[in-house]
Structures are given as C-alpha cells and as structure tokens.
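Below is one structure, written out as structure tokens; the observations come after it.
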Amino acid sequence: MRIVVIGATGHIGTFLVPRLVRSGHEVVIVTRGTRSAYVDAPEWEQVERVTADREQEDRDGTFGSRIAALHADAVIDLVCFTVDSARAMLDALRGTDTHLVHCGSIWRAGVSHVLPITEQNATPPFGEYGEQKDAIARLYKEETVSGGVATTTLHPGHISGPGWVPIGPLGNLDTSVITRLSAGEPVEVPGLGAESMAHVHADDVAQAFQLAVEHRHTAVGEACFVTAPTALTVRGYAHLVASWFGQEARLESVSWDRFRETTAPDDADASWQHLSRSQVFSLDETRRVLGYEPAYTAEATVLDAVRWLVDNGEVEVARPLVV
C-alpha cells in the first residue's frame, strides 16, 4: 500500500515507519522537518518526505487538500489534536477510498470506576486534551457509520521507549526520583501508592497502527485502546526501579497537599493528571479487531526507557544497573 504518515519522526513514527517499509509498503512521511527519529534505521532512506507546517496550513485551510493530493491508500495521522483539524481532514478525504487511522489517547477515558477499563465502560473524559481526543474519536466513528471516510482510532497509553523520558513512578517526568531510588533514599509518595499507570512501548503502538492499515476490513469503524498487557502501580513501579540498582525502595506515603508543597508545580500537576485517573485497560477488543499482541510488558517497557537514559547519561544514578 501507499501509506502517508503524518508526524512521522515522533515517539510512534520512529518505530512505525521502519516497520511499514520492511513490510513492503510505499511510505510518505509528512513532518515539519525540524527533527530526526529517536532511533536511526536504514529504512528511513527509502521513504518519500514532505515538509509541512500543519498548524499553519490548518489555519490556512490547505493541509487536508495537501494530504488528499498524495493519493494514499491509508493515512496515519499521529498529530491531530483538535476537532477542527480532524474535521478538515475528513472534508479533504471524503469521496476517496483512503483509510484514515487516527492517534487518540487513553485519556479519552476519565477516572477508573471498573477495572479493567473497556471501550464500553470508560467514564467521560476531563481536561482539554482528553475531551478533544474523545470528540475526535466520536466524530470519526459517526463519519464512518454514515458511509463517509473509512476511519479507525487507536488510543495509546503512556508511550515509552529509548530516546525520551518515560512517565516515572510518581506519574511525572522528573527523573530525580530515579536518582533517589538508585541511591536507596526515601521517596515521598502522594496517597497510598496504589494508583495505576498504563504504559506501552512505542514499538507496540507502532505494531497496532501497522495492523490497523493491514487489517482494514476489521479495523474500520473501530476505536481501540493500546497499552502493555500489564500496568504498574506507583509503589510497584518504585520498587521495580530500585531493584534495578540493587536497592530496596523506601517509600513514605504523604498527603497530596504535602506532595504539592515539596514538588515543582508542573510536576505535581502531571502527577495528579496521571494518578487521579488510575487507569488499567482491557486489550480484548484490540486483540479481536487487530490481532494485537504486545511484545513488551509495562515492566519491560519502562526498563527499556530507563536503560537508555542511564546509558546516555540523561539521568544521574548512584549505582549501575544490575539488570
């Protein structure tokens, strides 16, 4: 197939584009041209490149027509964040046979009421990001059901892998918690530490997007969660990280008020955003629709990310990794 990937050099595209090329597809990548993929691969030499500033072209009303003019069998849109942008893409592709595969987010689901969360029992989202992702998914579903553009939406969890900082044990991007755990120092944990996080390896997300375009007949009209088969609690994640350095985690449960007093505001807010949702997702629908089988557990996912940070001097640690 001829496949267009929008936002191809980010977390997902880094692994997706080489996968598609290896599978024999003709790949066109659309990026702003400001960065390279996180992991180099020879397959990048075989892709067609298009440079475009999506935000500006969306404002000008030209981005959708640019994509339609590429005459793709499938368009994988990894960087659509607003309903207006999504609607413009539908308008441009309507009347074609292009399969539009959109990257949503598990944050289309709100706080957990029943675990695991399924596509049927998810609570309503909260916050601008989750609400927009949910609205886009609903818009695309309605479009396809009404006989318009063939769409699929995939909702990844907290994407992790080599090349960037993963969501850490406290639900934020502050790597100092890894430093403290590697040294066996005490770590203050907001609440009980029983809150869950839904990580997923970037290559498993890439697998899901590849399956979506290659299994169009079952994927069209669907919206599926994409996570690792396991999920980590705050305390479990902290004990896991400490063990990688031959340490025991020393955790102290504190109130959220205390945590906010001792944590940078942005980090404290990120922690609340992740941990207040406390999400664990079922993969039953994703397996049924796509044949998805993640290669990485949540444990292996975060280890791969932390190992890269240590190996590349991106985090200060008191002891070497023992795994």
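As shown in the structure tokens, the chain order sets the letters A, B, ...; within each chain, residues go from 1, and ligands are also counted from 1 in the order they appear.
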
Problem set entry | 10 Å contact set for range 308-320 of chain A, only C-alpha atoms, chain neighbours under 4 positions out, as a VMD selection string | chain A and resid 161 to 166 174 to 184 244 to 247 302 to 304

Only N, CA, C and O atoms, please: the residues just picked out, written as an mmCIF file, in the first residue's frame.
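Wrote it out as again.cif, contents follow:
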data_model
loop_
_atom_site.group_PDB
_atom_site.id
_atom_site.type_symbol
_atom_site.label_atom_id
_atom_site.label_comp_id
_atom_site.auth_asym_id
_atom_site.auth_seq_id
_atom_site.Cartn_x
_atom_site.Cartn_y
_atom_site.Cartn_z
ATOM 1 N N GLY A 161 9.929 4.402 25.567
ATOM 2 C CA GLY A 161 10.910 3.712 24.744
ATOM 3 C C GLY A 161 12.230 4.432 24.783
ATOM 4 O O GLY A 161 12.379 5.456 25.465
ATOM 5 N N PRO A 162 13.225 3.926 24.069
ATOM 6 C CA PRO A 162 14.544 4.568 24.065
ATOM 7 C C PRO A 162 14.504 5.911 23.361
ATOM 8 O O PRO A 162 13.932 6.045 22.284
ATOM 9 N N GLY A 163 15.067 6.929 24.012
ATOM 10 C CA GLY A 163 15.179 8.231 23.365
ATOM 11 C C GLY A 163 14.490 9.358 24.087
ATOM 12 O O GLY A 163 14.710 10.520 23.754
ATOM 13 N N TRP A 164 13.654 9.044 25.086
ATOM 14 C CA TRP A 164 12.968 10.113 25.805
ATOM 15 C C TRP A 164 12.619 9.626 27.209
ATOM 16 O O TRP A 164 12.688 8.442 27.514
ATOM 17 N N VAL A 165 12.247 10.574 28.056
ATOM 18 C CA VAL A 165 11.942 10.273 29.454
ATOM 19 C C VAL A 165 10.542 9.672 29.559
ATOM 20 O O VAL A 165 9.579 10.257 29.045
ATOM 21 N N PRO A 166 10.386 8.527 30.209
ATOM 22 C CA PRO A 166 9.055 7.955 30.379
ATOM 23 C C PRO A 166 8.323 8.594 31.561
ATOM 24 O O PRO A 166 8.945 9.229 32.421
ATOM 25 N N ASP A 174 9.871 13.951 36.070
ATOM 26 C CA ASP A 174 11.018 14.341 36.892
ATOM 27 C C ASP A 174 11.892 13.107 37.155
ATOM 28 O O ASP A 174 11.487 12.192 37.886
ATOM 29 N N THR A 175 13.086 13.080 36.563
ATOM 30 C CA THR A 175 13.948 11.903 36.695
ATOM 31 C C THR A 175 14.673 11.828 38.034
ATOM 32 O O THR A 175 15.350 10.836 38.312
ATOM 33 N N SER A 176 14.522 12.849 38.886
ATOM 34 C CA SER A 176 15.219 12.796 40.172
ATOM 35 C C SER A 176 14.729 11.641 41.037
ATOM 36 O O SER A 176 15.440 11.164 41.917
ATOM 37 N N VAL A 177 13.497 11.172 40.790
ATOM 38 C CA VAL A 177 13.007 10.029 41.557
ATOM 39 C C VAL A 177 13.830 8.786 41.238
ATOM 40 O O VAL A 177 14.088 7.942 42.112
ATOM 41 N N ILE A 178 14.292 8.662 40.002
ATOM 42 C CA ILE A 178 15.166 7.536 39.642
ATOM 43 C C ILE A 178 16.484 7.662 40.375
ATOM 44 O O ILE A 178 17.028 6.668 40.893
ATOM 45 N N THR A 179 17.006 8.884 40.450
ATOM 46 C CA THR A 179 18.253 9.123 41.185
ATOM 47 C C THR A 179 18.105 8.697 42.632
ATOM 48 O O THR A 179 18.977 7.987 43.185
ATOM 49 N N ARG A 180 17.016 9.091 43.276
ATOM 50 C CA ARG A 180 16.821 8.770 44.685
ATOM 51 C C ARG A 180 16.631 7.273 44.908
ATOM 52 O O ARG A 180 17.178 6.698 45.853
ATOM 53 N N LEU A 181 15.886 6.642 44.037
ATOM 54 C CA LEU A 181 15.667 5.207 44.184
ATOM 55 C C LEU A 181 16.956 4.419 43.954
ATOM 56 O O LEU A 181 17.205 3.412 44.611
ATOM 57 N N SER A 182 17.792 4.893 43.034
ATOM 58 C CA SER A 182 19.065 4.197 42.776
ATOM 59 C C SER A 182 20.011 4.299 43.952
ATOM 60 O O SER A 182 20.911 3.472 44.109
ATOM 61 N N ALA A 183 19.802 5.320 44.796
ATOM 62 C CA ALA A 183 20.663 5.523 45.963
ATOM 63 C C ALA A 183 20.049 4.949 47.240
ATOM 64 O O ALA A 183 20.653 5.044 48.315
ATOM 65 N N GLY A 184 18.858 4.396 47.134
ATOM 66 C CA GLY A 184 18.196 3.880 48.319
ATOM 67 C C GLY A 184 17.671 4.966 49.232
ATOM 68 O O GLY A 184 17.424 4.720 50.420
ATOM 69 N N TRP A 244 16.350 -2.469 40.140
ATOM 70 C CA TRP A 244 17.279 -2.454 39.003
ATOM 71 C C TRP A 244 18.671 -1.990 39.415
ATOM 72 O O TRP A 244 19.644 -2.255 38.715
ATOM 73 N N PHE A 245 18.751 -1.299 40.537
ATOM 74 C CA PHE A 245 20.032 -0.797 41.039
ATOM 75 C C PHE A 245 20.464 -1.528 42.313
ATOM 76 O O PHE A 245 21.336 -1.053 43.044
ATOM 77 N N GLY A 246 19.829 -2.684 42.569
ATOM 78 C CA GLY A 246 20.184 -3.473 43.734
ATOM 79 C C GLY A 246 19.737 -2.863 45.043
ATOM 80 O O GLY A 246 20.350 -3.129 46.091
ATOM 81 N N GLN A 247 18.667 -2.065 45.022
ATOM 82 C CA GLN A 247 18.200 -1.365 46.212
ATOM 83 C C GLN A 247 16.779 -1.793 46.592
ATOM 84 O O GLN A 247 16.052 -2.395 45.782
ATOM 85 N N VAL A 302 9.263 0.188 30.675
ATOM 86 C CA VAL A 302 9.942 1.253 31.415
ATOM 87 C C VAL A 302 11.423 0.936 31.619
ATOM 88 O O VAL A 302 12.257 1.857 31.647
ATOM 89 N N LEU A 303 11.778 -0.330 31.710
ATOM 90 C CA LEU A 303 13.193 -0.681 31.808
ATOM 91 C C LEU A 303 13.934 -0.272 30.539
ATOM 92 O O LEU A 303 15.051 0.261 30.604
ATOM 93 N N ASP A 304 13.342 -0.509 29.387
ATOM 94 C CA ASP A 304 13.982 -0.130 28.124
ATOM 95 C C ASP A 304 14.234 1.372 28.085
ATOM 96 O O ASP A 304 15.300 1.835 27.652
#

Exercise. Neighbours of Phe81 in chain A within 12 Å (only C-alpha atoms; same-chain residues fewer than 6 positions away dropped), as a ChimeraX atom specification?
Worked result: /A:7,54-55,58,87,89,102-105,108,128-137

Once you have the residues from the selection above, write them out as a PDB file, in the first residue's frame, restricted to C-alpha atoms.
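Writing done, so here's again_28.pdb:
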ATOM      1  CA  GLY A   7       4.089  13.330  12.362  1.00  0.00           C
ATOM      2  CA  ARG A  54       0.397  21.529   9.892  1.00  0.00           C
ATOM      3  CA  GLU A  55      -0.687  24.224  12.339  1.00  0.00           C
ATOM      4  CA  ASP A  58      -4.708  24.096   9.086  1.00  0.00           C
ATOM      5  CA  ARG A  87     -12.982  17.782  10.545  1.00  0.00           C
ATOM      6  CA  MET A  89      -9.074  16.122   7.239  1.00  0.00           C
ATOM      7  CA  HIS A 102      -6.058   8.473  13.899  1.00  0.00           C
ATOM      8  CA  CYS A 103      -3.916   8.508  17.052  1.00  0.00           C
ATOM      9  CA  GLY A 104      -6.105   9.212  20.052  1.00  0.00           C
ATOM     10  CA  SER A 105      -5.258   8.747  23.732  1.00  0.00           C
ATOM     11  CA  ARG A 108     -10.456   9.824  26.219  1.00  0.00           C
ATOM     12  CA  GLU A 128      -8.997  19.776  27.226  1.00  0.00           C
ATOM     13  CA  TYR A 129      -6.674  17.088  25.817  1.00  0.00           C
ATOM     14  CA  GLY A 130      -8.831  14.107  26.711  1.00  0.00           C
ATOM     15  CA  GLU A 131     -12.059  15.834  25.740  1.00  0.00           C
ATOM     16  CA  GLN A 132     -10.701  16.742  22.304  1.00  0.00           C
ATOM     17  CA  LYS A 133      -9.400  13.203  21.710  1.00  0.00           C
ATOM     18  CA  ASP A 134     -12.761  11.747  22.706  1.00  0.00           C
ATOM     19  CA  ALA A 135     -14.636  14.198  20.498  1.00  0.00           C
ATOM     20  CA  ILE A 136     -12.395  13.360  17.522  1.00  0.00           C
ATOM     21  CA  ALA A 137     -12.951   9.626  18.017  1.00  0.00           C
TER      22      ALA A 137
END

For this session: Mind checking which residues fall within 10 Å of Thr144 in chain A, counting only C-alpha atoms, ignoring those fewer than 6 positions away in the same chain, and posting them as a count of residues only?
Result: 6

Exercise. Neighbours of Val226 in chain A within 8 Å (only C-alpha atoms; same-chain residues fewer than 4 positions away dropped), as a ChimeraX atom specification?
Worked result: /A:106,154-157,200,205,208,283,286

Residues from last step as file, N, CA and C atoms, as a compact mmCIF listing (two decimals), in the first residue's frame:
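Written file, part-v2.txt:
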# COMPACT_ATOMS: atom_id res chain seq x y z
N ILE A 106 -5.52 7.26 25.64
CA ILE A 106 -6.31 6.62 26.69
C ILE A 106 -7.03 7.66 27.54
N LEU A 154 -6.98 4.65 17.28
CA LEU A 154 -6.25 3.87 18.28
C LEU A 154 -5.87 4.80 19.43
N HIS A 155 -6.06 4.34 20.66
CA HIS A 155 -5.83 5.16 21.84
C HIS A 155 -4.68 4.59 22.66
N PRO A 156 -3.45 5.07 22.42
CA PRO A 156 -2.29 4.54 23.16
C PRO A 156 -2.24 5.05 24.60
N GLY A 157 -1.56 4.25 25.44
CA GLY A 157 -1.28 4.65 26.80
C GLY A 157 -0.07 5.57 26.86
N VAL A 200 2.97 1.83 27.63
CA VAL A 200 3.02 0.99 26.44
C VAL A 200 4.30 1.34 25.68
N VAL A 205 2.91 0.21 20.05
CA VAL A 205 1.95 1.13 19.44
C VAL A 205 2.12 1.12 17.92
N ALA A 208 0.43 -1.80 16.47
CA ALA A 208 -1.02 -1.64 16.37
C ALA A 208 -1.42 -0.81 15.15
N LEU A 283 -7.39 -5.29 26.82
CA LEU A 283 -6.94 -5.36 25.43
C LEU A 283 -7.79 -6.32 24.61
N THR A 286 -8.92 -4.88 21.29
CA THR A 286 -7.78 -4.62 20.40
C THR A 286 -7.25 -5.92 19.82

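The closest residue to Thr14 in chain A, picked from A:Gln207, A:Thr118, A:Gln56, A:Ser112 and counting only C-alpha atoms, is A:Gln207.
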
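Neighbours of Ala122 in chain A closer than or equal to 7 Å, with only C-alpha atoms counted and sequence neighbours fewer than 3 positions away skipped, come out as Ala109, Gly110, Ile117, Thr118 and Glu119 of chain A.
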
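Note that DSSP on the backbone gives alpha helix (DSSP H) to these residues of range 144-183 of chain A: Thr144, Val145, Ser176, Val177, Ile178, Thr179, Arg180, Leu181 and Ser182 of chain A.
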
For this session: Extract, using only C-alpha atoms, all DNA, RNA and protein residues at most 12 Å from Trp44 in chain A, discarding same-chain residues fewer than 6 positions from it, and format them as number ranges by chain.
Result: A: 8-9, 13-22, 26-29, 36-38

Go ahead and write the residues just picked, C-alpha atoms, as a short mmCIF file (atom, residue, chain, number, x, y, z; two decimals), in the first residue's frame.
data_model
loop_
_atom_site.label_atom_id
_atom_site.label_comp_id
_atom_site.auth_asym_id
_atom_site.auth_seq_id
_atom_site.Cartn_x
_atom_site.Cartn_y
_atom_site.Cartn_z
CA ALA A 8 6.43 10.52 11.41
CA THR A 9 9.51 11.35 13.49
CA GLY A 13 6.66 7.11 13.96
CA THR A 14 10.24 6.30 15.00
CA PHE A 15 9.20 2.64 15.14
CA LEU A 16 6.26 2.66 12.73
CA VAL A 17 7.95 3.96 9.59
CA PRO A 18 10.70 1.29 9.53
CA ARG A 19 8.06 -1.38 10.22
CA LEU A 20 5.98 -0.27 7.25
CA VAL A 21 8.98 -0.12 4.91
CA ARG A 22 10.15 -3.60 5.98
CA GLU A 26 5.43 2.66 -0.03
CA VAL A 27 5.75 5.24 2.74
CA VAL A 28 5.37 9.01 2.54
CA ILE A 29 6.25 10.93 5.72
CA SER A 36 15.03 13.23 13.19
CA ALA A 37 13.57 9.99 14.52
CA TYR A 38 14.66 8.93 18.01
#

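All residues of protein, DNA or RNA that reach within 12 Å of Asp257 in chain A, judged by only C-alpha atoms and not counting those fewer than 2 positions away in the chain, are Glu188, Val189, Pro190, Gly191, Ser253, Val254, Ser255, Phe259, Arg260, Glu261, Thr262, Thr263, Pro265, Ala268, Asp269 and Trp272 of chain A.
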
Now that the selection is made, can you save its residues with all heavy atoms as a short mmCIF file (atom, residue, chain, number, x, y, z; two decimals), in the first residue's frame?
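Saved file out_37.cif follows:
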data_model
loop_
_atom_site.label_atom_id
_atom_site.label_comp_id
_atom_site.auth_asym_id
_atom_site.auth_seq_id
_atom_site.Cartn_x
_atom_site.Cartn_y
_atom_site.Cartn_z
N GLU A 188 8.90 10.35 48.83
CA GLU A 188 7.54 10.65 49.27
C GLU A 188 6.57 10.34 48.14
O GLU A 188 6.74 10.80 47.01
CB GLU A 188 7.43 12.10 49.70
CG GLU A 188 8.19 12.42 50.99
CD GLU A 188 7.91 13.83 51.49
OE1 GLU A 188 7.35 14.64 50.71
OE2 GLU A 188 8.25 14.13 52.65
N VAL A 189 5.53 9.59 48.48
CA VAL A 189 4.53 9.15 47.51
C VAL A 189 3.18 9.75 47.88
O VAL A 189 2.74 9.59 49.02
CB VAL A 189 4.44 7.61 47.50
CG1 VAL A 189 3.28 7.15 46.64
CG2 VAL A 189 5.75 7.00 47.01
N PRO A 190 2.53 10.47 46.96
CA PRO A 190 1.22 11.04 47.30
C PRO A 190 0.16 9.94 47.37
O PRO A 190 0.08 9.07 46.50
CB PRO A 190 0.95 12.00 46.14
CG PRO A 190 1.70 11.41 44.99
CD PRO A 190 2.94 10.78 45.58
N GLY A 191 -0.64 9.97 48.42
CA GLY A 191 -1.69 8.96 48.55
C GLY A 191 -1.14 7.63 49.01
O GLY A 191 -0.10 7.54 49.68
N SER A 253 4.29 7.47 52.46
CA SER A 253 3.00 7.98 51.99
C SER A 253 2.72 9.34 52.60
O SER A 253 2.79 9.52 53.82
CB SER A 253 1.89 7.00 52.37
OG SER A 253 0.64 7.47 51.91
N VAL A 254 2.41 10.32 51.74
CA VAL A 254 2.11 11.67 52.21
C VAL A 254 0.82 12.15 51.55
O VAL A 254 0.35 11.58 50.56
CB VAL A 254 3.25 12.66 51.88
CG1 VAL A 254 4.55 12.24 52.56
CG2 VAL A 254 3.47 12.78 50.37
N SER A 255 0.25 13.21 52.11
CA SER A 255 -0.95 13.79 51.51
C SER A 255 -0.59 14.51 50.21
O SER A 255 0.57 14.89 49.98
CB SER A 255 -1.59 14.79 52.48
OG SER A 255 -0.75 15.93 52.62
N PHE A 259 2.66 16.75 49.14
CA PHE A 259 3.37 16.47 47.90
C PHE A 259 3.49 17.74 47.06
O PHE A 259 4.56 18.03 46.50
CB PHE A 259 2.65 15.37 47.13
CG PHE A 259 3.35 14.93 45.87
CD1 PHE A 259 4.50 14.16 45.93
CD2 PHE A 259 2.85 15.29 44.62
CE1 PHE A 259 5.14 13.74 44.76
CE2 PHE A 259 3.48 14.88 43.46
CZ PHE A 259 4.63 14.10 43.53
N ARG A 260 2.43 18.52 46.99
CA ARG A 260 2.47 19.75 46.20
C ARG A 260 3.41 20.79 46.81
O ARG A 260 4.03 21.57 46.09
CB ARG A 260 1.07 20.33 46.05
CG ARG A 260 0.15 19.50 45.17
CD ARG A 260 -1.20 20.17 44.97
NE ARG A 260 -2.10 19.36 44.16
CZ ARG A 260 -2.08 19.29 42.83
NH1 ARG A 260 -1.21 20.01 42.15
NH2 ARG A 260 -2.95 18.53 42.18
N GLU A 261 3.55 20.77 48.12
CA GLU A 261 4.47 21.71 48.79
C GLU A 261 5.92 21.42 48.45
O GLU A 261 6.76 22.35 48.44
CB GLU A 261 4.27 21.64 50.30
CG GLU A 261 2.96 22.24 50.80
CD GLU A 261 2.75 21.98 52.28
OE1 GLU A 261 3.63 21.33 52.90
OE2 GLU A 261 1.70 22.40 52.82
N THR A 262 6.26 20.18 48.20
CA THR A 262 7.65 19.77 48.02
C THR A 262 7.99 19.40 46.57
O THR A 262 9.09 18.92 46.30
CB THR A 262 7.97 18.57 48.92
OG1 THR A 262 7.09 17.48 48.59
CG2 THR A 262 7.81 18.95 50.39
N THR A 263 7.06 19.65 45.66
CA THR A 263 7.24 19.26 44.27
C THR A 263 7.00 20.46 43.37
O THR A 263 6.11 21.28 43.64
CB THR A 263 6.26 18.13 43.89
OG1 THR A 263 6.42 17.04 44.80
CG2 THR A 263 6.50 17.63 42.47
N PRO A 265 5.52 22.80 40.67
CA PRO A 265 4.10 22.84 40.29
C PRO A 265 3.76 22.02 39.05
O PRO A 265 2.76 21.30 39.04
CB PRO A 265 3.84 24.33 40.08
CG PRO A 265 4.82 25.01 40.98
CD PRO A 265 6.05 24.15 40.94
N ALA A 268 3.94 18.33 39.96
CA ALA A 268 2.83 17.94 40.84
C ALA A 268 1.54 17.82 40.04
O ALA A 268 0.74 16.89 40.24
CB ALA A 268 2.68 18.94 41.97
N ASP A 269 1.33 18.75 39.10
CA ASP A 269 0.12 18.70 38.28
C ASP A 269 0.13 17.48 37.37
O ASP A 269 -0.90 16.80 37.21
CB ASP A 269 0.00 19.97 37.44
CG ASP A 269 -1.28 19.99 36.62
OD1 ASP A 269 -2.36 19.99 37.23
OD2 ASP A 269 -1.19 19.99 35.39
N TRP A 272 -0.81 14.48 39.40
CA TRP A 272 -2.24 14.41 39.63
C TRP A 272 -3.00 13.97 38.39
O TRP A 272 -3.92 13.14 38.46
CB TRP A 272 -2.75 15.78 40.10
CG TRP A 272 -4.24 15.81 40.24
CD1 TRP A 272 -5.15 16.38 39.40
CD2 TRP A 272 -5.01 15.21 41.29
NE1 TRP A 272 -6.42 16.19 39.86
CE2 TRP A 272 -6.37 15.48 41.02
CE3 TRP A 272 -4.68 14.49 42.44
CZ2 TRP A 272 -7.39 15.03 41.85
CZ3 TRP A 272 -5.70 14.06 43.26
CH2 TRP A 272 -7.04 14.32 42.97
#

For this session: Take CA of Ala52 in chain A and CA of Thr31 in chain A and report the distance between them in Å, one decimal.
Result: 5.8 Å

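Using only C-alpha atoms, the smallest distance between any of A:Leu192, A:Leu232, A:Leu321, A:Val187 and Val306 in chain A comes from A:Leu321.
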
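For the pair CA of Leu211 in chain A and CA of Leu290 in chain A, the interatomic distance is 5.7 Å.
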
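Straight-line separation from CA of His99 in chain A to CA of Ile67 in chain A: 12.3 Å.
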
For this session: From a DSSP calculation on the backbone, collect every residue of range 37-74 of chain A in strand (DSSP E) and output the set as a PyMOL selection string.
Result: chain A and resi 48-51+74

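Using only C-alpha atoms, the nearest neighbour of Val30 in chain A within the list A:Pro186, A:Gly10, A:Pro42, A:Pro229 is A:Gly10.
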